[in-house]
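Next up, work-v5.txt (compact mmCIF, C-alpha atoms and all ligand atoms):
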# COMPACT_ATOMS: atom_id res chain seq x y z
CA MET A 13 38.65 -99.87 -25.20
CA GLY A 14 35.96 -100.54 -22.55
CA PRO A 15 32.88 -98.40 -21.98
CA ALA A 16 33.52 -94.97 -20.43
CA VAL A 17 33.01 -95.19 -16.69
CA SER A 18 31.21 -92.15 -15.41
CA ARG A 19 32.79 -90.64 -12.34
CA PRO A 20 30.62 -89.18 -9.57
CA ARG A 21 30.40 -85.41 -9.90
CA ILE A 22 31.40 -83.63 -6.71
CA ARG A 23 31.15 -79.87 -6.29
CA PHE A 24 33.42 -78.17 -3.77
CA LEU A 25 32.09 -74.99 -2.21
CA SER A 26 34.90 -73.12 -0.55
CA THR A 27 34.18 -70.76 2.34
CA GLY A 28 37.70 -70.27 3.70
CA GLY A 29 39.52 -71.49 6.80
CA THR A 30 43.10 -72.53 7.49
CA LEU A 31 43.08 -75.04 4.63
CA GLY A 32 43.34 -72.22 2.08
CA MET A 33 45.37 -69.78 4.17
CA LEU A 34 49.01 -68.70 4.00
CA PRO A 35 51.15 -67.10 6.70
CA GLY A 36 51.81 -63.39 6.25
CA SER A 37 55.43 -62.24 6.50
CA PRO A 38 55.49 -61.47 9.34
CA GLY A 39 51.93 -62.08 10.34
CA PRO A 40 49.22 -64.52 11.28
CA LEU A 41 47.65 -67.10 9.01
CA ALA A 42 45.23 -65.27 6.74
CA PRO A 43 42.92 -66.11 3.82
CA SER A 44 44.81 -66.41 0.50
CA SER A 45 44.22 -67.22 -3.16
CA VAL A 46 45.06 -70.87 -2.42
CA ALA A 47 41.44 -71.37 -1.24
CA ALA A 48 40.09 -71.17 -4.77
CA ASN A 49 42.68 -73.66 -6.06
CA VAL A 50 42.57 -76.48 -3.53
CA LEU A 51 42.33 -79.16 -6.21
CA ALA A 52 45.78 -78.20 -7.50
CA TYR A 53 47.16 -79.61 -4.26
CA VAL A 54 45.52 -83.05 -4.40
CA GLN A 55 46.97 -85.59 -6.77
CA GLY A 56 44.88 -88.06 -8.71
CA ILE A 57 41.43 -87.24 -7.32
CA GLU A 58 40.18 -86.73 -10.89
CA ARG A 59 40.82 -90.40 -11.67
CA GLU A 60 37.89 -91.32 -9.41
CA LEU A 61 35.79 -88.19 -9.22
CA ASP A 62 34.65 -85.43 -11.53
CA VAL A 63 35.44 -82.50 -9.25
CA SER A 64 34.93 -78.76 -9.53
CA VAL A 65 35.49 -75.90 -7.09
CA GLU A 66 33.62 -72.71 -6.48
CA SER A 67 34.62 -70.11 -3.95
CA LEU A 68 31.70 -68.60 -2.03
CA TRP A 69 33.77 -66.60 0.48
CA ASN A 70 37.29 -66.70 1.77
CA LEU A 71 36.94 -66.06 5.48
CA ASP A 72 38.24 -67.29 8.78
CA SER A 73 35.23 -69.20 10.08
CA SER A 74 35.20 -67.04 13.21
CA ASP A 75 33.86 -64.31 10.93
CA LEU A 76 30.87 -66.29 9.69
CA SER A 77 27.38 -65.52 10.98
CA PRO A 78 23.85 -66.92 10.55
CA ALA A 79 23.52 -64.87 7.35
CA HIS A 80 26.34 -67.02 5.92
CA TRP A 81 24.56 -70.19 7.10
CA ASP A 82 21.46 -69.18 5.16
CA ALA A 83 23.45 -68.20 2.08
CA LEU A 84 25.40 -71.47 2.19
CA ALA A 85 22.21 -73.52 2.52
CA GLN A 86 20.81 -71.70 -0.49
CA ALA A 87 24.02 -72.25 -2.47
CA VAL A 88 24.01 -75.96 -1.65
CA ALA A 89 20.33 -76.35 -2.61
CA ALA A 90 20.87 -74.49 -5.88
CA ARG A 91 23.72 -76.81 -6.89
CA MET A 92 22.22 -80.18 -5.95
CA ASP A 93 20.97 -81.03 -9.42
CA GLY A 94 23.74 -82.30 -11.60
CA VAL A 95 26.06 -83.54 -8.84
CA GLU A 96 26.24 -86.65 -6.69
CA GLY A 97 27.43 -84.73 -3.65
CA ILE A 98 28.79 -81.50 -2.25
CA VAL A 99 31.89 -80.81 -0.17
CA VAL A 100 31.97 -77.61 1.86
CA VAL A 101 35.51 -76.44 2.66
CA HIS A 102 35.24 -74.53 5.93
CA GLY A 103 37.39 -73.32 8.81
CA THR A 104 37.49 -75.73 11.70
CA ASP A 105 36.67 -73.20 14.42
CA THR A 106 32.96 -72.93 13.65
CA MET A 107 32.55 -75.89 11.31
CA ALA A 108 30.36 -77.75 13.81
CA TRP A 109 28.12 -74.68 14.14
CA THR A 110 27.63 -74.29 10.40
CA ALA A 111 27.13 -78.03 9.89
CA SER A 112 24.49 -78.01 12.65
CA ALA A 113 22.77 -75.05 10.99
CA LEU A 114 22.72 -76.68 7.57
CA SER A 115 21.35 -79.93 9.00
CA LEU A 116 18.35 -77.92 10.22
CA ALA A 117 18.02 -75.70 7.16
CA LEU A 118 18.30 -78.39 4.45
CA ARG A 119 15.32 -80.71 4.83
CA GLY A 120 14.67 -83.76 2.72
CA LEU A 121 18.28 -84.05 1.56
CA ALA A 122 18.75 -86.79 -1.02
CA LYS A 123 22.51 -86.34 -1.43
CA PRO A 124 25.54 -85.92 0.82
CA VAL A 125 26.77 -82.54 2.01
CA VAL A 126 30.20 -83.09 3.58
CA PHE A 127 32.05 -80.40 5.52
CA THR A 128 35.81 -80.55 5.80
CA GLY A 129 38.84 -78.38 6.50
CA ALA A 130 42.32 -78.71 7.91
CA GLN A 131 44.52 -77.87 10.85
CA ARG A 132 47.37 -76.77 8.57
CA PRO A 133 47.26 -75.02 5.18
CA ILE A 134 47.10 -77.23 2.10
CA ALA A 135 50.10 -75.34 0.68
CA SER A 136 52.30 -76.43 3.62
CA VAL A 137 54.61 -79.40 3.16
CA ARG A 138 53.40 -80.98 6.37
CA THR A 139 49.62 -80.74 6.20
CA ASP A 140 46.51 -82.77 6.94
CA ALA A 141 44.53 -81.00 4.21
CA PRO A 142 44.91 -83.26 1.12
CA GLU A 143 43.82 -86.34 3.01
CA ASN A 144 40.77 -84.58 4.38
CA VAL A 145 39.89 -83.18 0.97
CA VAL A 146 40.21 -86.52 -0.84
CA ASN A 147 38.32 -88.50 1.78
CA ALA A 148 35.59 -85.89 2.12
CA ALA A 149 35.10 -86.01 -1.65
CA LEU A 150 34.95 -89.82 -1.63
CA CYS A 151 32.39 -89.67 1.21
CA ALA A 152 30.38 -87.15 -0.81
CA ALA A 153 30.09 -89.80 -3.53
CA MET A 154 28.60 -92.36 -1.10
CA ASP A 155 24.93 -92.94 -0.39
CA ILE A 156 24.89 -90.88 2.81
CA PRO A 157 22.18 -88.25 2.32
CA GLU A 158 22.86 -86.06 5.33
CA VAL A 159 24.98 -83.13 6.42
CA SER A 160 28.21 -84.68 7.65
CA LEU A 161 31.73 -83.65 8.60
CA TYR A 162 34.91 -85.44 7.55
CA PHE A 163 38.04 -84.97 9.63
CA GLY A 164 41.08 -87.03 10.60
CA ARG A 165 39.89 -90.45 9.38
CA TYR A 166 36.18 -90.29 10.28
CA LEU A 167 32.98 -89.08 8.70
CA PHE A 168 30.77 -87.75 11.50
CA ARG A 169 27.15 -86.63 11.56
CA GLY A 170 27.55 -82.88 11.19
CA ASN A 171 25.18 -81.82 13.94
CA ARG A 172 26.73 -84.28 16.42
CA SER A 173 30.30 -83.19 15.85
CA THR A 174 32.40 -80.84 17.93
CA LYS A 175 35.94 -79.50 17.66
CA THR A 176 37.80 -80.99 20.60
CA SER A 177 41.43 -80.20 19.81
CA ILE A 178 43.29 -77.07 18.78
CA GLN A 179 46.40 -78.93 17.61
CA SER A 180 45.55 -82.56 16.84
CA TYR A 181 44.93 -83.71 13.28
CA GLU A 182 42.00 -85.63 14.79
CA ALA A 183 40.36 -82.37 15.81
CA PHE A 184 36.72 -83.50 15.85
CA GLU A 185 34.66 -86.02 17.73
CA SER A 186 30.97 -86.85 17.85
CA PRO A 187 30.23 -87.68 21.49
CA ASP A 188 27.34 -90.10 21.98
CA CYS A 189 27.02 -90.74 18.25
CA PRO A 190 29.25 -93.24 16.43
CA PRO A 191 30.94 -91.99 13.25
CA LEU A 192 29.15 -92.72 10.00
CA VAL A 193 32.26 -94.10 8.27
CA GLU A 194 35.90 -94.80 9.05
CA MET A 195 38.23 -94.12 6.14
CA GLY A 196 41.11 -96.38 7.12
CA VAL A 197 42.90 -98.94 4.96
CA GLU A 198 39.38 -100.14 4.30
CA VAL A 199 36.31 -97.96 3.99
CA ARG A 200 34.29 -99.09 7.00
CA PRO A 201 30.66 -97.94 7.31
CA ILE A 202 29.79 -97.74 11.01
CA LYS A 203 26.49 -95.96 11.53
CA THR A 204 23.39 -96.21 9.36
CA PRO A 205 22.83 -92.83 7.71
CA LEU A 206 19.63 -90.82 7.88
CA ARG A 207 17.06 -91.35 5.13
CA PRO A 208 15.23 -88.03 5.04
CA ALA A 209 11.99 -87.99 3.10
CA GLY A 210 12.22 -85.59 0.14
CA PRO A 211 11.75 -83.31 -1.64
CA LEU A 212 14.53 -80.90 -0.68
CA ARG A 213 13.20 -77.82 1.06
CA LEU A 214 14.90 -74.91 2.74
CA GLU A 215 14.11 -73.83 6.30
CA LEU A 216 16.15 -70.66 6.54
CA GLY A 217 16.41 -68.17 9.40
CA PHE A 218 18.26 -68.10 12.73
CA ASP A 219 17.67 -65.65 15.58
CA SER A 220 21.04 -64.45 16.89
CA ARG A 221 19.64 -63.09 20.14
CA VAL A 222 20.83 -66.16 22.02
CA ALA A 223 23.36 -66.38 24.87
CA ILE A 224 25.31 -69.23 26.45
CA VAL A 225 25.60 -68.85 30.22
CA PRO A 226 27.82 -71.27 32.16
CA VAL A 227 26.93 -71.97 35.77
CA VAL A 228 29.97 -71.15 37.94
CA PRO A 229 30.20 -72.43 41.52
CA GLY A 230 29.13 -69.63 43.84
CA ALA A 231 28.71 -67.02 41.10
CA GLY A 232 24.91 -66.84 41.11
CA PRO A 233 22.66 -66.14 38.12
CA ALA A 234 23.70 -62.54 37.42
CA MET A 235 24.84 -63.40 33.85
CA LEU A 236 21.49 -65.04 33.13
CA GLU A 237 19.68 -61.97 34.44
CA ALA A 238 21.93 -59.72 32.35
CA ALA A 239 21.16 -61.78 29.24
CA VAL A 240 17.44 -61.32 29.82
CA GLU A 241 17.88 -57.60 30.50
CA ARG A 242 19.91 -57.19 27.32
CA GLY A 243 17.09 -58.61 25.20
CA MET A 244 18.23 -62.18 24.54
CA ARG A 245 15.32 -64.30 23.36
CA GLY A 246 16.99 -67.59 24.19
CA VAL A 247 19.60 -68.73 26.70
CA VAL A 248 21.52 -71.99 26.89
CA VAL A 249 22.51 -72.52 30.52
CA GLN A 250 25.43 -74.87 31.03
CA GLY A 251 24.64 -76.61 34.28
CA PHE A 252 26.69 -79.21 36.11
CA GLY A 253 26.63 -82.93 35.31
CA ALA A 254 23.14 -84.11 34.41
CA GLY A 255 22.03 -80.47 34.09
CA ASN A 256 22.02 -79.31 37.70
CA VAL A 257 21.90 -75.72 38.81
CA PRO A 258 22.63 -74.50 42.36
CA GLN A 259 19.50 -74.18 44.44
CA GLU A 260 20.46 -70.75 45.66
CA GLY A 261 19.27 -68.05 43.29
CA TRP A 262 19.07 -70.10 40.11
CA PRO A 263 15.53 -71.56 40.22
CA GLY A 264 14.07 -68.10 40.77
CA ALA A 265 16.20 -66.55 38.02
CA LEU A 266 15.29 -69.32 35.58
CA ALA A 267 11.57 -68.91 36.35
CA ALA A 268 11.88 -65.13 35.89
CA ALA A 269 13.60 -65.61 32.53
CA VAL A 270 10.94 -68.05 31.32
CA GLY A 271 8.22 -65.74 32.70
CA ALA A 272 9.72 -62.91 30.65
CA GLY A 273 9.22 -65.01 27.51
CA VAL A 274 12.84 -66.14 27.12
CA ALA A 275 13.34 -69.72 25.90
CA VAL A 276 15.79 -71.34 28.32
CA VAL A 277 17.60 -74.60 27.60
CA VAL A 278 19.66 -76.40 30.22
CA HIS A 279 22.77 -78.07 28.84
CA SER A 280 25.78 -79.43 30.73
CA HIS A 281 29.44 -78.67 31.25
CA CYS A 282 30.03 -82.34 30.35
CA HIS A 283 30.69 -83.35 26.75
CA ARG A 284 29.18 -86.82 26.87
CA GLY A 285 25.94 -88.27 28.15
CA LYS A 286 22.34 -87.14 28.17
CA VAL A 287 21.09 -84.19 30.21
CA ASP A 288 18.59 -85.59 32.73
CA LEU A 289 16.84 -82.84 34.63
CA ARG A 290 14.96 -85.35 36.80
CA ALA A 291 18.08 -86.94 38.25
CA TYR A 292 18.80 -84.40 41.06
CA VAL A 293 16.97 -81.66 42.90
CA GLY A 294 18.99 -78.97 41.09
CA GLY A 295 17.76 -80.25 37.73
CA ARG A 296 14.18 -80.69 38.97
CA ALA A 297 14.14 -77.09 40.17
CA ALA A 298 15.21 -75.98 36.69
CA LEU A 299 12.55 -78.17 35.12
CA ALA A 300 9.88 -76.72 37.43
CA ALA A 301 10.98 -73.26 36.29
CA GLY A 302 9.97 -74.20 32.74
CA VAL A 303 13.29 -74.84 31.01
CA MET A 304 13.92 -77.30 28.17
CA SER A 305 16.63 -79.95 28.15
CA SER A 306 19.33 -80.24 25.47
CA GLY A 307 19.25 -84.06 25.55
CA THR A 308 22.44 -85.37 23.96
CA MET A 309 22.94 -82.45 21.61
CA THR A 310 26.35 -80.81 21.45
CA LEU A 311 26.59 -77.28 22.82
CA GLU A 312 26.91 -76.03 19.25
CA CYS A 313 23.80 -77.82 18.02
CA ALA A 314 21.81 -77.06 21.19
CA THR A 315 22.48 -73.36 20.59
CA VAL A 316 21.98 -73.35 16.82
CA LYS A 317 18.71 -75.29 17.16
CA LEU A 318 17.47 -72.72 19.67
CA MET A 319 18.38 -69.94 17.21
CA HIS A 320 16.56 -71.82 14.44
CA GLY A 321 13.52 -72.54 16.62
CA LEU A 322 13.23 -68.93 17.80
CA ALA A 323 13.13 -67.73 14.20
CA ARG A 324 9.99 -69.75 13.50
CA ALA A 325 8.05 -70.53 16.69
CA GLN A 326 7.41 -69.59 20.28
CA GLY A 327 5.83 -71.06 23.41
CA GLU A 328 4.62 -74.64 23.15
CA GLU A 329 5.30 -74.76 19.41
CA LEU A 330 8.95 -73.85 20.05
CA ARG A 331 9.19 -76.46 22.80
CA ALA A 332 7.76 -79.15 20.50
CA TYR A 333 10.23 -78.17 17.77
CA TYR A 334 13.18 -78.01 20.13
CA THR A 335 12.57 -81.31 21.87
CA GLY A 336 11.64 -83.19 18.68
CA ASP A 337 14.04 -84.83 16.25
CA VAL A 338 14.82 -82.88 13.09
CA ALA A 339 18.01 -84.41 11.69
CA GLY A 340 19.31 -86.98 14.16
CA GLU A 341 20.76 -84.23 16.35
CA GLY A 342 20.12 -86.00 19.66
CA ALA A 343 17.23 -83.91 21.02
N1 LIG B 401 40.66 -70.02 12.35
C1 LIG B 401 40.50 -71.05 11.35
C2 LIG B 401 39.06 -71.02 10.87
O1 LIG B 401 38.20 -71.52 11.53
C3 LIG B 401 40.88 -72.38 11.90
C4 LIG B 401 40.87 -73.53 10.93
O2 LIG B 401 40.34 -73.48 9.82
O3 LIG B 401 41.41 -74.59 11.29
O4 LIG B 401 38.80 -70.48 9.84
Any chance you could put this one into structure tokens?
Amino acid sequence: MGPAVSRPRIRFLSTGGTLGMLPGSPGPLAPSSVAANVLAYVQGIERELDVSVESLWNLDSSDLSPAHWDALAQAVAARMDGVEGIVVVHGTDTMAWTASALSLALRGLAKPVVFTGAQRPIASVRTDAPENVVNAALCAAMDIPEVSLYFGRYLFRGNRSTKTSIQSYEAFESPDCPPLVEMGVEVRPIKTPLRPAGPLRLELGFDSRVAIVPVVPGAGPAMLEAAVERGMRGVVVQGFGAGNVPQEGWPGALAAAVGAGVAVVVHSHCHRGKVDLRAYVGGRAALAAGVMSSGTMTLECATVKLMHGLARAQGEELRAYYTGDVAGEGA
């Protein structure tokens, strides 16, 4: 008999989502006891990995809030010793939001934290869940010390990922950021992972008083003004293309919002490319009003980072935080 080969220890933290749901009869998909037993549905994983599961919550991810982000970050940090990596099982709807939040809250990560989920329940005959679970666990055993997201063949940087399809098994993409790894016939590393400097430290806290306001042709800035009136401390404005806003009404409303102490970020309706507020007069007017640019961040990360920044800084300090790089998020 040869020497015992030690298998990487991977801890699953289950938070809910479709993966562990069952259909009611009659009724919608709803959280079920399957969530706490996901490993019963994947064959042979224990031959390569020493896996264990813990259920933190069993919720549709639409019901998660920043308080859950903080609690999850704390749970991950508390379980880092004694494992090689962590897999977070999470609903797909807000997975990119939570992954963005954890990438900002968990600093100096030395081990992988991999989010995954599924489009169909793991207890269904035809499901994408086992493949996602197995590959996420294998990715969690790799030397990729960042918050990532495994779905439909690829491991993505968590804070660069976005859910782009309601039905496809390839539900996520990371626009403007190549995947970290492709799990095809071969395991193909694509992008060099982050190498955060340790030790692990928690930066908890997100301010929920943030709104997303899309610019609509001809509609004017009434929704922005309403957000300011209703006490929002930050607003992400989705402009057109490179980050343009109409010249009628918007520059004045943006300046008024900034003057009232609201942190305003200009993002884009587009999903790819970098916001460039100098490219057109509409963007320059926004810039002159004192807004910040979202760079190449996803809408999810641009918003979560604003929430995180507002909980710890204001004015120039907030601007420096928001426009600086924290975890490869594309600021
Ligand atoms: N509504 C589900 C959730 O986000 C969707 C899913 O998991 O795919 O929890």
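Reported to one decimal place, the separation of atom CA of A:Asn171 from atom CA of A:Ala111 is 5.9 Å.
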Each residue of chain A with at least one atom at most 10 Å from ligand LIG 401 (chain B) should appear once, together with its nearest atom pair and the corresponding distance in Å (one decimal); atoms considered: only C-alpha atoms and all ligand atoms; ordering: chain, then increasing residue number; output as CSV.
residue,atom,partner,partner_atom,distance
A:Thr27,CA,B:LIG401,O4,8.8
A:Gly28,CA,B:LIG401,O4,6.2
A:Gly29,CA,B:LIG401,O4,3.3
A:Thr30,CA,B:LIG401,O2,3.7
A:Leu31,CA,B:LIG401,O2,6.1
A:Gly32,CA,B:LIG401,O2,8.4
A:Met33,CA,B:LIG401,O2,8.4
A:Leu41,CA,B:LIG401,N1,8.3
A:Ala42,CA,B:LIG401,N1,8.7
A:Pro43,CA,B:LIG401,O4,8.5
A:Asn70,CA,B:LIG401,O4,9.0
A:Leu71,CA,B:LIG401,O4,6.5
A:Asp72,CA,B:LIG401,O4,3.4
A:Ser73,CA,B:LIG401,O4,3.8
A:Ser74,CA,B:LIG401,O1,5.6
A:Asp75,CA,B:LIG401,O4,8.0
A:Leu76,CA,B:LIG401,O4,9.0
A:Val101,CA,B:LIG401,O2,9.1
A:His102,CA,B:LIG401,O2,6.5
A:Gly103,CA,B:LIG401,O2,3.1
A:Thr104,CA,B:LIG401,O2,4.1
A:Asp105,CA,B:LIG401,O1,3.7
A:Thr106,CA,B:LIG401,O1,5.8
A:Met107,CA,B:LIG401,O1,7.1
A:Thr128,CA,B:LIG401,O2,9.3
A:Gly129,CA,B:LIG401,O2,6.1
A:Ala130,CA,B:LIG401,O3,5.4
A:Gln131,CA,B:LIG401,O3,4.5
A:Arg132,CA,B:LIG401,O3,6.9
A:Pro133,CA,B:LIG401,O3,8.5
A:Lys175,CA,B:LIG401,O3,9.7
A:Ile178,CA,B:LIG401,O3,8.1
A:Gln179,CA,B:LIG401,O3,9.1
A:Tyr181,CA,B:LIG401,O3,10.0
A:Ala183,CA,B:LIG401,O3,9.1
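The residue that comes closest to A:Ala117, out of A:Ser177, A:Thr204, A:Thr139, A:Gln86 and on the basis of only C-alpha atoms, is A:Gln86.
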TODO: Considering all atoms listed in the file, return as an NGL selection string whatever protein or nucleic-acid residues lie within 9 Å of A:Pro263, sequence-local ones (same chain, fewer than 2 positions apart) excluded.
DONE: :A and (257-261 or 265-268 or 294 or 297-301)
Open item on the list: Please list as a ChimeraX atom specification every residue within 10 Å of stretch 51-55 of chain A, counting only C-alpha atoms and excluding residues in the same chain fewer than 2 positions away.
Closed with: /A:24,46-49,57-59,63-65,134-136,141-143,145-146
Open item on the list: Considering all atoms listed in the file, can you say which of A:Leu25, A:Ala87, A:Val247, A:Ala122 comes closest to A:Val50?
Closed with: A:Leu25
Task: One-decimal distance in Å that lies between atom CA of A:Thr335 and atom CA of A:Thr176 - done: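 Here the two named atoms are 25.3 Å from each other.
Considering only C-alpha atoms, the residue among A:Leu121, A:Ala153, A:Leu311, A:Ala272 positioned nearest to A:Lys286 is A:Leu311.
In this comparison, which uses all atoms listed in the file, the residue of A:Glu182, A:Glu198, A:Asp62, A:Asp82 approaching A:Val95 most closely is A:Asp62.
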TODO: May I ask which of the residues A:Ala269, A:Val276, A:Ala79, A:Ala254 is the closest one to A:Tyr292, counting only C-alpha atoms?
DONE: A:Ala254
Open item on the list: Let me make sure I understand: among A:Cys313, A:Arg19, A:Gly196, A:Pro205, which one has the smallest atom-to-atom distance to A:Val248 if we use all atoms listed in the file?
Closed with: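 When distances to A:Val248 are compared using all atoms listed in the file, the smallest one comes from A:Cys313.
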Task: Atom pair atom CA of A:Gly327 / atom CA of A:Ala238: separation (Å) - done: 21.6 Å
Task: Residue neighbourhood A:Gly307, 8 Å, all atoms listed in the file, exclusion window fewer than 5 positions, as number ranges by chain - done: A: 279, 286-288, 342-343
